[in-house]
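Dropping protein-v1.cif in here (mmCIF, C-alpha atoms):
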```cif
data_start
loop_
_atom_site.label_atom_id
_atom_site.label_comp_id
_atom_site.auth_asym_id
_atom_site.auth_seq_id
_atom_site.Cartn_x
_atom_site.Cartn_y
_atom_site.Cartn_z
CA MET O 1 -7.53 -3.39 -31.70
CA ARG O 2 -4.57 -1.11 -32.48
CA VAL O 3 -2.33 -0.61 -29.45
CA GLY O 4 0.74 1.56 -28.99
CA VAL O 5 3.00 0.43 -26.15
CA LEU O 6 5.48 3.09 -25.03
CA GLY O 7 8.60 1.56 -23.50
CA THR O 8 10.87 -1.33 -24.49
CA GLY O 9 11.77 -2.68 -21.03
CA VAL O 10 10.45 -5.85 -19.41
CA VAL O 11 7.05 -4.24 -18.75
CA GLY O 12 6.65 -3.03 -22.33
CA GLN O 13 7.76 -6.42 -23.64
CA ALA O 14 5.36 -8.32 -21.39
CA ILE O 15 2.35 -6.20 -22.35
CA ALA O 16 3.20 -5.90 -26.04
CA GLY O 17 3.87 -9.63 -26.31
CA LYS O 18 0.61 -10.60 -24.63
CA LEU O 19 -1.49 -8.12 -26.63
CA SER O 20 0.07 -9.37 -29.86
CA GLU O 21 -0.58 -12.97 -28.85
CA LEU O 22 -4.21 -11.98 -28.28
CA GLY O 23 -4.38 -10.78 -31.88
CA HIS O 24 -4.08 -7.03 -31.38
CA GLU O 25 -1.99 -4.90 -33.76
CA VAL O 26 0.86 -3.75 -31.56
CA VAL O 27 3.44 -1.05 -32.22
CA VAL O 28 6.07 -0.53 -29.53
CA GLY O 29 7.37 3.02 -29.19
CA THR O 30 10.86 4.12 -28.20
CA ARG O 31 12.73 7.43 -28.48
CA ASP O 32 15.23 6.21 -31.02
CA PRO O 33 14.36 2.89 -32.70
CA ASP O 34 17.78 2.56 -34.34
CA GLN O 35 19.53 2.99 -31.02
CA THR O 36 17.15 0.52 -29.32
CA LEU O 37 17.77 -2.08 -32.04
CA GLY O 38 21.50 -1.40 -31.99
CA ARG O 39 21.92 -2.56 -28.39
CA GLN O 40 23.64 -5.92 -28.26
CA GLU O 41 24.17 -6.28 -24.51
CA PRO O 42 21.76 -7.41 -21.81
CA ASP O 43 20.39 -4.56 -19.65
CA VAL O 44 21.49 -3.91 -16.04
CA PHE O 45 19.08 -6.62 -14.83
CA GLY O 46 20.50 -9.19 -17.25
CA ASN O 47 17.53 -9.11 -19.62
CA PRO O 48 18.36 -9.73 -23.31
CA PRO O 49 18.40 -6.65 -25.58
CA PHE O 50 15.11 -5.57 -27.15
CA GLY O 51 16.16 -6.67 -30.62
CA ALA O 52 16.34 -10.28 -29.45
CA TRP O 53 12.83 -10.03 -28.02
CA LEU O 54 11.50 -8.38 -31.18
CA ALA O 55 12.95 -11.14 -33.37
CA GLU O 56 10.76 -13.59 -31.46
CA HIS O 57 7.67 -11.40 -31.91
CA PRO O 58 7.55 -10.73 -35.65
CA ALA O 59 3.97 -9.40 -35.52
CA VAL O 60 5.11 -6.50 -33.33
CA ARG O 61 6.57 -3.40 -34.97
CA LEU O 62 9.03 -0.98 -33.36
CA ALA O 63 8.64 2.74 -34.06
CA GLY O 64 9.21 6.16 -32.56
CA LEU O 65 7.11 7.30 -29.61
CA GLY O 66 4.93 9.54 -31.80
CA ASP O 67 4.29 6.83 -34.40
CA ALA O 68 3.42 4.26 -31.75
CA ALA O 69 1.02 6.64 -30.01
CA ALA O 70 -0.57 7.69 -33.32
CA HIS O 71 -1.08 4.00 -34.21
CA GLY O 72 -2.88 3.12 -31.00
CA GLU O 73 -6.57 3.35 -30.25
CA VAL O 74 -5.23 2.41 -26.85
CA VAL O 75 -1.82 3.65 -25.70
CA VAL O 76 0.05 1.98 -22.84
CA ASN O 77 2.59 3.93 -20.80
CA ALA O 78 5.14 1.25 -19.91
CA THR O 79 8.08 3.60 -19.57
CA ALA O 80 10.14 3.95 -16.40
CA GLY O 81 8.06 6.18 -14.15
CA GLY O 82 10.72 8.86 -13.86
CA ALA O 83 10.79 9.25 -17.65
CA ALA O 84 7.05 8.90 -18.26
CA LEU O 85 6.02 12.53 -18.64
CA GLU O 86 8.90 13.33 -20.98
CA ALA O 87 8.19 10.24 -23.07
CA LEU O 88 4.51 11.21 -23.34
CA ARG O 89 5.47 14.75 -24.40
CA LEU O 90 7.64 13.23 -27.13
CA ALA O 91 4.74 10.96 -28.10
CA GLY O 92 2.76 14.17 -28.62
CA GLU O 93 -0.46 15.47 -27.11
CA ALA O 94 -2.29 15.25 -30.45
CA ASN O 95 -1.44 11.54 -30.70
CA LEU O 96 -2.98 10.95 -27.25
CA ASP O 97 -6.10 13.06 -27.81
CA GLY O 98 -9.20 11.03 -26.91
CA LYS O 99 -7.15 7.85 -26.52
CA VAL O 100 -7.42 5.41 -23.65
CA LEU O 101 -4.03 5.90 -21.99
CA VAL O 102 -3.21 2.94 -19.75
CA ASP O 103 -0.58 3.97 -17.21
CA VAL O 104 1.20 1.04 -15.61
CA ALA O 105 4.30 2.94 -14.41
CA ASN O 106 5.54 3.74 -10.92
CA PRO O 107 7.29 7.05 -10.15
CA LEU O 108 10.29 5.40 -8.52
CA ASP O 109 13.07 7.63 -7.21
CA PHE O 110 16.41 5.82 -6.96
CA SER O 111 18.34 8.94 -5.93
CA GLN O 112 18.30 7.98 -2.22
CA GLY O 113 19.47 4.42 -2.84
CA MET O 114 17.60 1.11 -2.55
CA PRO O 115 14.82 0.41 -2.15
CA PRO O 116 13.59 3.42 -4.14
CA SER O 117 11.14 5.94 -2.73
CA LEU O 118 8.48 7.69 -4.83
CA SER O 119 9.15 10.98 -6.64
CA VAL O 120 5.50 11.95 -6.19
CA SER O 121 3.07 10.52 -3.63
CA ASN O 122 0.56 11.11 -0.86
CA THR O 123 -1.14 14.28 -2.18
CA ASP O 124 -0.45 13.62 -5.87
CA CYS O 125 0.69 10.76 -8.10
CA LEU O 126 2.05 9.97 -11.54
CA GLY O 127 -1.38 9.01 -12.88
CA GLU O 128 -2.75 12.41 -11.88
CA CYS O 129 0.30 14.22 -13.29
CA ILE O 130 -0.29 12.51 -16.64
CA GLN O 131 -4.02 13.26 -16.62
CA ARG O 132 -3.37 16.94 -15.78
CA GLU O 133 -0.77 17.36 -18.52
CA PHE O 134 -2.82 15.47 -21.12
CA PRO O 135 -6.40 16.43 -20.21
CA THR O 136 -7.97 14.98 -23.37
CA ALA O 137 -6.39 11.56 -22.86
CA ARG O 138 -8.52 9.08 -20.90
CA VAL O 139 -5.99 7.89 -18.33
CA VAL O 140 -6.52 4.56 -16.56
CA LYS O 141 -4.01 3.53 -13.92
CA THR O 142 -3.66 -0.21 -13.47
CA LEU O 143 -1.23 -3.16 -13.14
CA ASN O 144 1.49 -1.04 -11.48
CA THR O 145 1.13 -3.12 -8.29
CA VAL O 146 2.54 -6.34 -9.76
CA ASN O 147 5.64 -7.68 -11.45
CA ALA O 148 5.77 -7.52 -15.27
CA SER O 149 5.23 -11.24 -15.81
CA VAL O 150 2.28 -11.29 -13.40
CA MET O 151 0.63 -8.34 -15.18
CA VAL O 152 -0.20 -10.47 -18.21
CA ASN O 153 -0.28 -13.87 -16.50
CA PRO O 154 -1.86 -13.58 -13.04
CA GLY O 155 -2.03 -17.38 -12.84
CA LEU O 156 1.74 -17.40 -12.20
CA VAL O 157 0.97 -16.47 -8.56
CA GLY O 158 -1.37 -18.48 -6.35
CA GLY O 159 -3.44 -19.74 -9.27
CA GLY O 160 -4.51 -16.17 -10.04
CA ASP O 161 -6.50 -15.73 -6.84
CA HIS O 162 -5.53 -12.10 -6.16
CA THR O 163 -6.50 -8.55 -7.05
CA VAL O 164 -5.69 -5.75 -9.47
CA PHE O 165 -6.99 -2.17 -9.38
CA VAL O 166 -8.18 0.40 -11.91
CA SER O 167 -8.35 4.17 -11.34
CA GLY O 168 -9.53 6.80 -13.79
CA ASN O 169 -12.00 9.55 -14.54
CA ASP O 170 -13.60 7.97 -17.63
CA PRO O 171 -15.98 5.05 -16.94
CA GLU O 172 -15.90 3.82 -20.56
CA ALA O 173 -12.11 3.77 -20.57
CA LYS O 174 -12.08 1.83 -17.30
CA ALA O 175 -14.62 -0.62 -18.68
CA LEU O 176 -12.46 -1.22 -21.77
CA VAL O 177 -9.35 -1.74 -19.64
CA THR O 178 -11.21 -3.99 -17.20
CA ASP O 179 -12.37 -6.13 -20.12
CA LEU O 180 -8.80 -6.38 -21.37
CA LEU O 181 -7.62 -7.37 -17.88
CA THR O 182 -10.25 -10.06 -17.41
CA GLU O 183 -10.95 -11.46 -20.90
CA GLY O 184 -7.45 -10.77 -22.22
CA PHE O 185 -4.99 -11.22 -19.39
CA GLY O 186 -7.02 -13.54 -17.16
CA TRP O 187 -7.53 -11.38 -14.08
CA ARG O 188 -10.48 -12.55 -11.99
CA ASP O 189 -10.67 -9.75 -9.39
CA VAL O 190 -10.51 -6.18 -10.72
CA ILE O 191 -11.49 -3.46 -8.25
CA ASP O 192 -12.45 0.00 -9.51
CA LEU O 193 -11.00 2.36 -6.89
CA GLY O 194 -12.61 5.47 -8.37
CA ASP O 195 -11.23 8.53 -10.15
CA ILE O 196 -7.60 9.09 -11.07
CA THR O 197 -6.75 10.51 -7.63
CA THR O 198 -7.25 6.99 -6.25
CA ALA O 199 -4.12 5.97 -8.16
CA ARG O 200 -2.22 7.53 -5.25
CA GLY O 201 -3.11 4.47 -3.22
CA ALA O 202 -2.11 2.03 -5.95
CA GLU O 203 1.22 3.80 -6.47
CA MET O 204 1.95 4.09 -2.75
CA GLN O 205 1.49 0.34 -2.40
CA MET O 206 4.87 0.14 -4.15
CA ALA O 207 6.51 1.02 -0.82
CA LEU O 208 5.09 -2.13 0.77
CA TRP O 209 5.61 -4.19 -2.38
CA LEU O 210 9.33 -3.36 -2.52
CA ARG O 211 9.85 -4.32 1.13
CA LEU O 212 7.87 -7.52 0.66
CA MET O 213 10.05 -8.42 -2.30
CA GLY O 214 13.00 -8.05 0.07
CA SER O 215 11.38 -10.15 2.80
CA LEU O 216 10.00 -12.86 0.55
CA GLY O 217 13.04 -12.94 -1.74
CA THR O 218 10.91 -12.92 -4.88
CA PRO O 219 8.75 -10.55 -6.92
CA MET O 220 6.29 -13.37 -7.61
CA PHE O 221 3.53 -12.39 -5.20
CA ASN O 222 0.50 -10.16 -5.16
CA PHE O 223 -2.14 -8.79 -2.83
CA LYS O 224 -5.61 -10.25 -2.66
CA VAL O 225 -8.26 -8.01 -1.18
CA VAL O 226 -10.09 -10.45 1.10
CA ARG O 227 -13.66 -9.31 1.90
CA MET W 1 1.85 -9.86 31.18
CA ARG W 2 1.39 -6.22 32.19
CA VAL W 3 0.32 -4.04 29.27
CA GLY W 4 -0.22 -0.30 29.03
CA VAL W 5 -2.52 0.74 26.20
CA LEU W 6 -2.26 4.43 25.33
CA GLY W 7 -5.48 5.73 23.79
CA THR W 8 -9.15 5.35 24.64
CA GLY W 9 -10.65 5.28 21.13
CA VAL W 10 -11.99 2.26 19.26
CA VAL W 11 -8.46 0.96 18.62
CA GLY W 12 -7.42 1.26 22.25
CA GLN W 13 -10.66 -0.35 23.37
CA ALA W 14 -10.32 -3.25 20.93
CA ILE W 15 -6.75 -4.03 21.94
CA ALA W 16 -7.22 -3.46 25.68
CA GLY W 17 -10.39 -5.54 25.71
CA LYS W 18 -8.79 -8.45 23.88
CA LEU W 19 -5.61 -8.41 25.98
CA SER W 20 -7.68 -8.35 29.16
CA GLU W 21 -9.81 -11.22 27.90
CA LEU W 22 -6.56 -13.14 27.30
CA GLY W 23 -5.69 -12.67 30.97
CA HIS W 24 -3.17 -9.84 30.73
CA GLU W 25 -3.14 -7.02 33.30
CA VAL W 26 -4.22 -4.02 31.26
CA VAL W 27 -4.06 -0.35 32.17
CA VAL W 28 -5.42 2.09 29.59
CA GLY W 29 -3.73 5.49 29.52
CA THR W 30 -5.31 8.84 28.71
CA ARG W 31 -4.22 12.45 29.24
CA ASP W 32 -6.90 13.25 31.75
CA PRO W 33 -8.73 10.23 33.21
CA ASP W 34 -11.39 12.37 34.92
CA GLN W 35 -12.20 14.15 31.69
CA THR W 36 -12.29 10.84 29.76
CA LEU W 37 -14.66 9.32 32.32
CA GLY W 38 -16.73 12.50 32.42
CA ARG W 39 -17.75 12.23 28.77
CA GLN W 40 -21.38 11.17 28.48
CA GLU W 41 -21.92 11.54 24.73
CA PRO W 42 -20.97 9.19 21.89
CA ASP W 43 -17.92 10.33 19.88
CA VAL W 44 -18.14 11.79 16.36
CA PHE W 45 -18.37 8.27 14.91
CA GLY W 46 -21.28 7.36 17.20
CA ASN W 47 -19.23 5.12 19.50
CA PRO W 48 -20.36 5.06 23.15
CA PRO W 49 -18.23 7.06 25.62
CA PHE W 50 -15.21 5.32 27.15
CA GLY W 51 -16.84 5.11 30.57
CA ALA W 52 -19.54 2.82 29.17
CA TRP W 53 -16.90 0.55 27.65
CA LEU W 54 -14.89 0.51 30.88
CA ALA W 55 -17.94 -0.48 32.92
CA GLU W 56 -18.16 -3.62 30.78
CA HIS W 57 -14.44 -4.38 31.29
CA PRO W 58 -13.99 -4.25 35.07
CA ALA W 59 -10.55 -5.91 34.93
CA VAL W 60 -9.18 -2.95 32.96
CA ARG W 61 -8.00 0.12 34.84
CA LEU W 62 -7.91 3.67 33.48
CA ALA W 63 -4.94 5.88 34.39
CA GLY W 64 -2.82 8.76 33.14
CA LEU W 65 -0.46 8.21 30.21
CA GLY W 66 2.60 8.03 32.47
CA ASP W 67 1.01 5.54 34.88
CA ALA W 68 -0.18 3.31 32.04
CA ALA W 69 3.25 3.32 30.38
CA ALA W 70 5.01 2.67 33.72
CA HIS W 71 2.66 -0.28 34.35
CA GLY W 72 3.37 -2.00 31.04
CA GLU W 73 6.09 -4.45 30.20
CA VAL W 74 4.58 -3.90 26.78
CA VAL W 75 3.16 -0.51 25.82
CA VAL W 76 0.73 -0.12 22.91
CA ASN W 77 0.46 3.19 21.08
CA ALA W 78 -3.20 3.25 20.10
CA THR W 79 -3.54 7.02 20.00
CA ALA W 80 -4.60 8.96 16.92
CA GLY W 81 -1.48 9.13 14.76
CA GLY W 82 -1.37 12.91 14.72
CA ALA W 83 -1.24 12.99 18.52
CA ALA W 84 1.07 10.01 19.00
CA LEU W 85 4.39 11.72 19.59
CA GLU W 86 2.92 14.21 22.04
CA ALA W 87 1.12 11.43 23.91
CA LEU W 88 4.34 9.42 24.16
CA ARG W 89 6.20 12.47 25.46
CA LEU W 90 3.53 12.82 28.13
CA ALA W 91 3.87 9.11 28.89
CA GLY W 92 7.53 9.85 29.56
CA GLU W 93 10.73 8.50 28.04
CA ALA W 94 11.74 6.81 31.30
CA ASN W 95 8.47 4.85 31.33
CA LEU W 96 9.19 3.57 27.82
CA ASP W 97 12.86 2.70 28.41
CA GLY W 98 13.55 -0.86 27.29
CA LYS W 99 9.85 -1.54 26.76
CA VAL W 100 8.36 -3.22 23.73
CA LEU W 101 6.41 -0.33 22.21
CA VAL W 102 3.78 -1.62 19.81
CA ASP W 103 2.78 1.16 17.42
CA VAL W 104 -0.53 0.54 15.68
CA ALA W 105 -1.26 4.17 14.71
CA ASN W 106 -1.42 5.85 11.30
CA PRO W 107 -0.21 9.43 10.81
CA LEU W 108 -3.43 10.58 9.15
CA ASP W 109 -3.69 14.20 8.06
CA PHE W 110 -7.29 15.38 7.80
CA SER W 111 -6.35 19.01 7.02
CA GLN W 112 -6.89 18.56 3.26
CA GLY W 113 -10.30 16.90 3.66
CA MET W 114 -11.40 13.31 3.13
CA PRO W 115 -9.96 10.84 2.59
CA PRO W 116 -7.01 11.89 4.75
CA SER W 117 -3.45 11.96 3.43
CA LEU W 118 -0.42 11.09 5.58
CA SER W 119 1.45 13.73 7.61
CA VAL W 120 4.69 11.78 7.13
CA SER W 121 5.40 9.20 4.41
CA ASN W 122 7.63 7.98 1.60
CA THR W 123 11.06 8.83 3.08
CA ASP W 124 10.01 8.63 6.73
CA CYS W 125 7.09 7.34 8.80
CA LEU W 126 5.47 7.55 12.22
CA GLY W 127 7.11 4.33 13.40
CA GLU W 128 10.55 5.73 12.59
CA CYS W 129 9.71 9.10 14.21
CA ILE W 130 8.78 7.26 17.40
CA GLN W 131 11.90 5.09 17.33
CA ARG W 132 14.12 8.15 16.77
CA GLU W 133 12.57 10.14 19.59
CA PHE W 134 12.55 7.18 22.00
CA PRO W 135 15.73 5.31 21.05
CA THR W 136 15.68 2.96 24.07
CA ALA W 137 12.13 1.79 23.36
CA ARG W 138 11.85 -1.32 21.20
CA VAL W 139 9.33 -0.14 18.63
CA VAL W 140 7.32 -2.69 16.64
CA LYS W 141 4.92 -1.41 14.01
CA THR W 142 1.97 -3.68 13.32
CA LEU W 143 -1.81 -3.93 12.87
CA ASN W 144 -2.12 -0.40 11.42
CA THR W 145 -3.27 -1.88 8.10
CA VAL W 146 -6.62 -3.18 9.39
CA ASN W 147 -9.76 -1.96 11.07
CA ALA W 148 -9.85 -2.01 14.89
CA SER W 149 -12.19 -4.98 15.18
CA VAL W 150 -10.14 -7.01 12.68
CA MET W 151 -6.91 -6.28 14.61
CA VAL W 152 -7.96 -8.55 17.46
CA ASN W 153 -10.31 -10.82 15.54
CA PRO W 154 -8.92 -11.55 12.06
CA GLY W 155 -11.53 -14.25 11.60
CA LEU W 156 -14.14 -11.52 11.07
CA VAL W 157 -12.83 -11.19 7.48
CA GLY W 158 -12.60 -14.13 5.08
CA GLY W 159 -12.17 -16.68 7.85
CA GLY W 160 -8.86 -15.05 8.83
CA ASP W 161 -7.09 -15.99 5.60
CA HIS W 162 -5.12 -12.74 5.20
CA THR W 163 -1.91 -11.04 6.28
CA VAL W 164 -0.51 -8.70 8.90
CA PHE W 165 2.98 -7.17 9.01
CA VAL W 166 5.60 -6.44 11.67
CA SER W 167 8.45 -3.93 11.35
CA GLY W 168 11.09 -3.13 13.94
CA ASN W 169 14.78 -3.09 14.80
CA ASP W 170 14.63 -5.54 17.73
CA PRO W 171 14.18 -9.22 16.77
CA GLU W 172 13.12 -10.25 20.31
CA ALA W 173 10.48 -7.54 20.42
CA LYS W 174 9.16 -8.63 17.03
CA ALA W 175 9.08 -12.26 18.18
CA LEU W 176 7.07 -11.30 21.28
CA VAL W 177 4.62 -9.26 19.20
CA THR W 178 4.34 -11.99 16.58
CA ASP W 179 3.51 -14.50 19.32
CA LEU W 180 0.83 -12.16 20.64
CA LEU W 181 -0.61 -11.76 17.14
CA THR W 182 -0.72 -15.48 16.42
CA GLU W 183 -1.35 -17.17 19.78
CA GLY W 184 -3.29 -14.25 21.24
CA PHE W 185 -5.23 -12.59 18.45
CA GLY W 186 -5.46 -15.52 16.02
CA TRP W 187 -3.43 -14.20 13.08
CA ARG W 188 -2.19 -17.01 10.84
CA ASP W 189 0.04 -15.07 8.42
CA VAL W 190 2.47 -12.57 9.99
CA ILE W 191 5.19 -11.24 7.67
CA ASP W 192 8.31 -9.65 9.13
CA LEU W 193 9.10 -6.80 6.71
CA GLY W 194 12.42 -5.92 8.36
CA ASP W 195 13.64 -2.94 10.36
CA ILE W 196 11.51 0.01 11.42
CA THR W 197 12.04 1.82 8.10
CA THR W 198 9.87 -0.86 6.49
CA ALA W 199 6.93 0.57 8.41
CA ARG W 200 6.84 3.21 5.66
CA GLY W 201 5.30 0.59 3.42
CA ALA W 202 2.76 -0.53 6.01
CA GLU W 203 1.73 3.06 6.74
CA MET W 204 1.55 4.04 3.07
CA GLN W 205 -0.83 1.15 2.47
CA MET W 206 -3.36 3.32 4.28
CA ALA W 207 -3.76 5.34 1.08
CA LEU W 208 -5.01 2.27 -0.76
CA TRP W 209 -6.95 1.01 2.26
CA LEU W 210 -8.93 4.26 2.55
CA ARG W 211 -9.87 4.23 -1.14
CA LEU W 212 -10.84 0.57 -0.94
CA MET W 213 -13.07 1.33 2.02
CA GLY W 214 -14.77 3.88 -0.23
CA SER W 215 -15.10 1.45 -3.15
CA LEU W 216 -16.18 -1.57 -1.11
CA GLY W 217 -18.40 0.43 1.24
CA THR W 218 -17.01 -1.31 4.32
CA PRO W 219 -13.85 -1.38 6.45
CA MET W 220 -14.23 -5.14 6.89
CA PHE W 221 -11.56 -6.31 4.46
CA ASN W 222 -7.83 -6.95 4.48
CA PHE W 223 -4.95 -7.77 2.18
CA LYS W 224 -3.63 -11.28 1.81
CA VAL W 225 -0.12 -11.56 0.41
CA VAL W 226 -0.57 -14.41 -2.07
CA ARG W 227 2.71 -16.17 -2.90
#
```
What does this structure look like when you write it as structure tokens?
Amino acid sequence: MRVGVLGTGVVGQAIAGKLSELGHEVVVGTRDPDQTLGRQEPDVFGNPPFGAWLAEHPAVRLAGLGDAAAHGEVVVNATAGGAALEALRLAGEANLDGKVLVDVANPLDFSQGMPPSLSVSNTDCLGECIQREFPTARVVKTLNTVNASVMVNPGLVGGGDHTVFVSGNDPEAKALVTDLLTEGFGWRDVIDLGDITTARGAEMQMALWLRLMGSLGTPMFNFKVVR
Amino acid sequence: MRVGVLGTGVVGQAIAGKLSELGHEVVVGTRDPDQTLGRQEPDVFGNPPFGAWLAEHPAVRLAGLGDAAAHGEVVVNATAGGAALEALRLAGEANLDGKVLVDVANPLDFSQGMPPSLSVSNTDCLGECIQREFPTARVVKTLNTVNASVMVNPGLVGGGDHTVFVSGNDPEAKALVTDLLTEGFGWRDVIDLGDITTARGAEMQMALWLRLMGSLGTPMFNFKVVR
């Protein structure tokens, strides 16, 4: 499958790397590929620059946002949540038309300090904002409730005995994403919450997640829905 | 221990009944005891009127909000979230002074239809509103993330292998509540999220909880923090 992954941070790297390892044709999209490759310093979290990651993943290609989106049958929004809508506009509505658009971002607002709050929540959410602005894309919200490494390797936490959610208006798109989560990434418990408005719940779980990370002293945890 | 439970709904009944069963001296508080006892019809959810419940719990006394709060060394806010602050004002600041005030309510807003949104969230929460308005009360937020029956009987879901949270500014109050949750109610995994601002996360989990109830078709589930 051809996949465009928008975003070069740890989330984009984790998803692009895993999809490439699974044999998919992956193009990672960034605003300015030359600038992205020109960075020599680790980011603010101490992660190595994208060029170092790319050198270890020769099957992955870096391109502009529009090229990456045009390449993908599936497009993954792995940008920082606050920049997601602008990045998708740059990717271009025509390049998202009819595509399965997997949104894994959280609309974090760091303007009030740490931990961040959400820039949109409660009666709206980022997933809905994206679906409204790109009505012909088939948006599926998922994976935003876990750390990047856990997204593509759920076994890193508790042997994989925990839950991930999907939200979206298009049943076929959700089925495709669910198959990728289970057969591809190894998730064993995927709960379909319903239409894209249900992504409010998944995004709002970030508030609890961030405080738990503080309490537990690690991002290596996840929620299991026990029933 | 003397406990005042404010609220006569299913949550108040569950908590008052369990505390009484554990041997605590329980007074349930309501705005107008005569009116509460005068109700003969089931509520909108089909639950029997409070008088029927009280007849089966002869050790529990019904009183006004102020009397119930004055009685309690520990006071439980089990009112509907939207009515919580007004009920606590009626209970009286002096009757809450220095008390451990266990807040199990959710600030649900039904004005936009079902499922409800939250009337306060993201950068504030009901637990914080209560702590601000009653600064000498020792507010502990807990149990709001599960169904009433599960609050006092976690074993009803998955053998009790799941998690509950406590938030509050007073370590002694949290220790007392944690002891009640574990020794009294049978919870095995209680996570201290931190100060009362962390109750934002616990309250915002309601958004996901409500959608999960829709997807799963039952309120008999809970989250386990797998780590």
Name every residue that the PyMOL selection byres ((chain W) within 8 of (chain O)) selects in this structure, writing the answer as a ChimeraX atom specification with chains first and numbers rising.
/W:117-118,121-123,157-158,161-162,191-194,198,200-202,204-209,211-212,214-215,220-227
Exactly which residues make up the result of the PyMOL selection byres ((chain W and resi 142) around 10) on this file, given as a PyMOL selection string?
chain W and resi 102-105+127+139-141+143-146+151+164-168+174+177-178+181+190-192+199+202-203
Check what the PyMOL selection byres ((chain O and resi 65) around 7) selects in the file above and give those residues as JSON, numbers by chain.
{"O": [6, 29, 30, 31, 63, 64, 66, 67, 68, 69, 90, 91]}
Residues within 12 Å of region 39-56 of chain O, please, as a list in words. Count all atoms listed in the file; anything in the same chain fewer than 2 positions from it doesn't count.
Gly7, Thr8, Gly9, Val10, Val11, Gly12, Gln13, Ala14, Ala16, Gly17, Ser20, Glu21, Val26, Val27, Val28, Gly29, Thr30, Asp32, Pro33, Asp34, Gln35, Thr36, Leu37, Pro58, Ala59, Val60, Arg61, Leu62 and Ala63 of chain O
Write out as number ranges by chain the residues lying within 8 Å of Phe185 (chain W), counting all atoms listed in the file and excluding same-chain residues fewer than 4 positions away.
W: 18, 151-154, 180-181
Atoms to include: C-alpha atoms. Write the selected residues as a PDB file, in the coordinates of the input.
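Below is the file that was written, result_0.pdb:
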```pdb
ATOM      1  CA  LYS W  18      -8.790  -8.450  23.880  1.00  0.00           C
ATOM      2  CA  MET W 151      -6.910  -6.280  14.610  1.00  0.00           C
ATOM      3  CA  VAL W 152      -7.960  -8.550  17.460  1.00  0.00           C
ATOM      4  CA  ASN W 153     -10.310 -10.820  15.540  1.00  0.00           C
ATOM      5  CA  PRO W 154      -8.920 -11.550  12.060  1.00  0.00           C
ATOM      6  CA  LEU W 180       0.830 -12.160  20.640  1.00  0.00           C
ATOM      7  CA  LEU W 181      -0.610 -11.760  17.140  1.00  0.00           C
TER       8      LEU W 181
END
```
Within 7 Å of Ala173 (chain O), counting all atoms listed in the file, which residues show up once you throw out same-chain ones fewer than 2 positions away? Write them as JSON, numbers by chain, please.
{"O": [100, 138, 140, 170, 171, 175, 176, 177]}
What would the list of residues within 7 Å of (2.1, -0.9, 28.0) (file frame) look like as a list in words, if only C-alpha atoms are what count?
Arg2, Val3, Gly4, Val5, Ala68, Ala69, His71, Gly72, Glu73, Val74, Val75 and Val76 of chain W
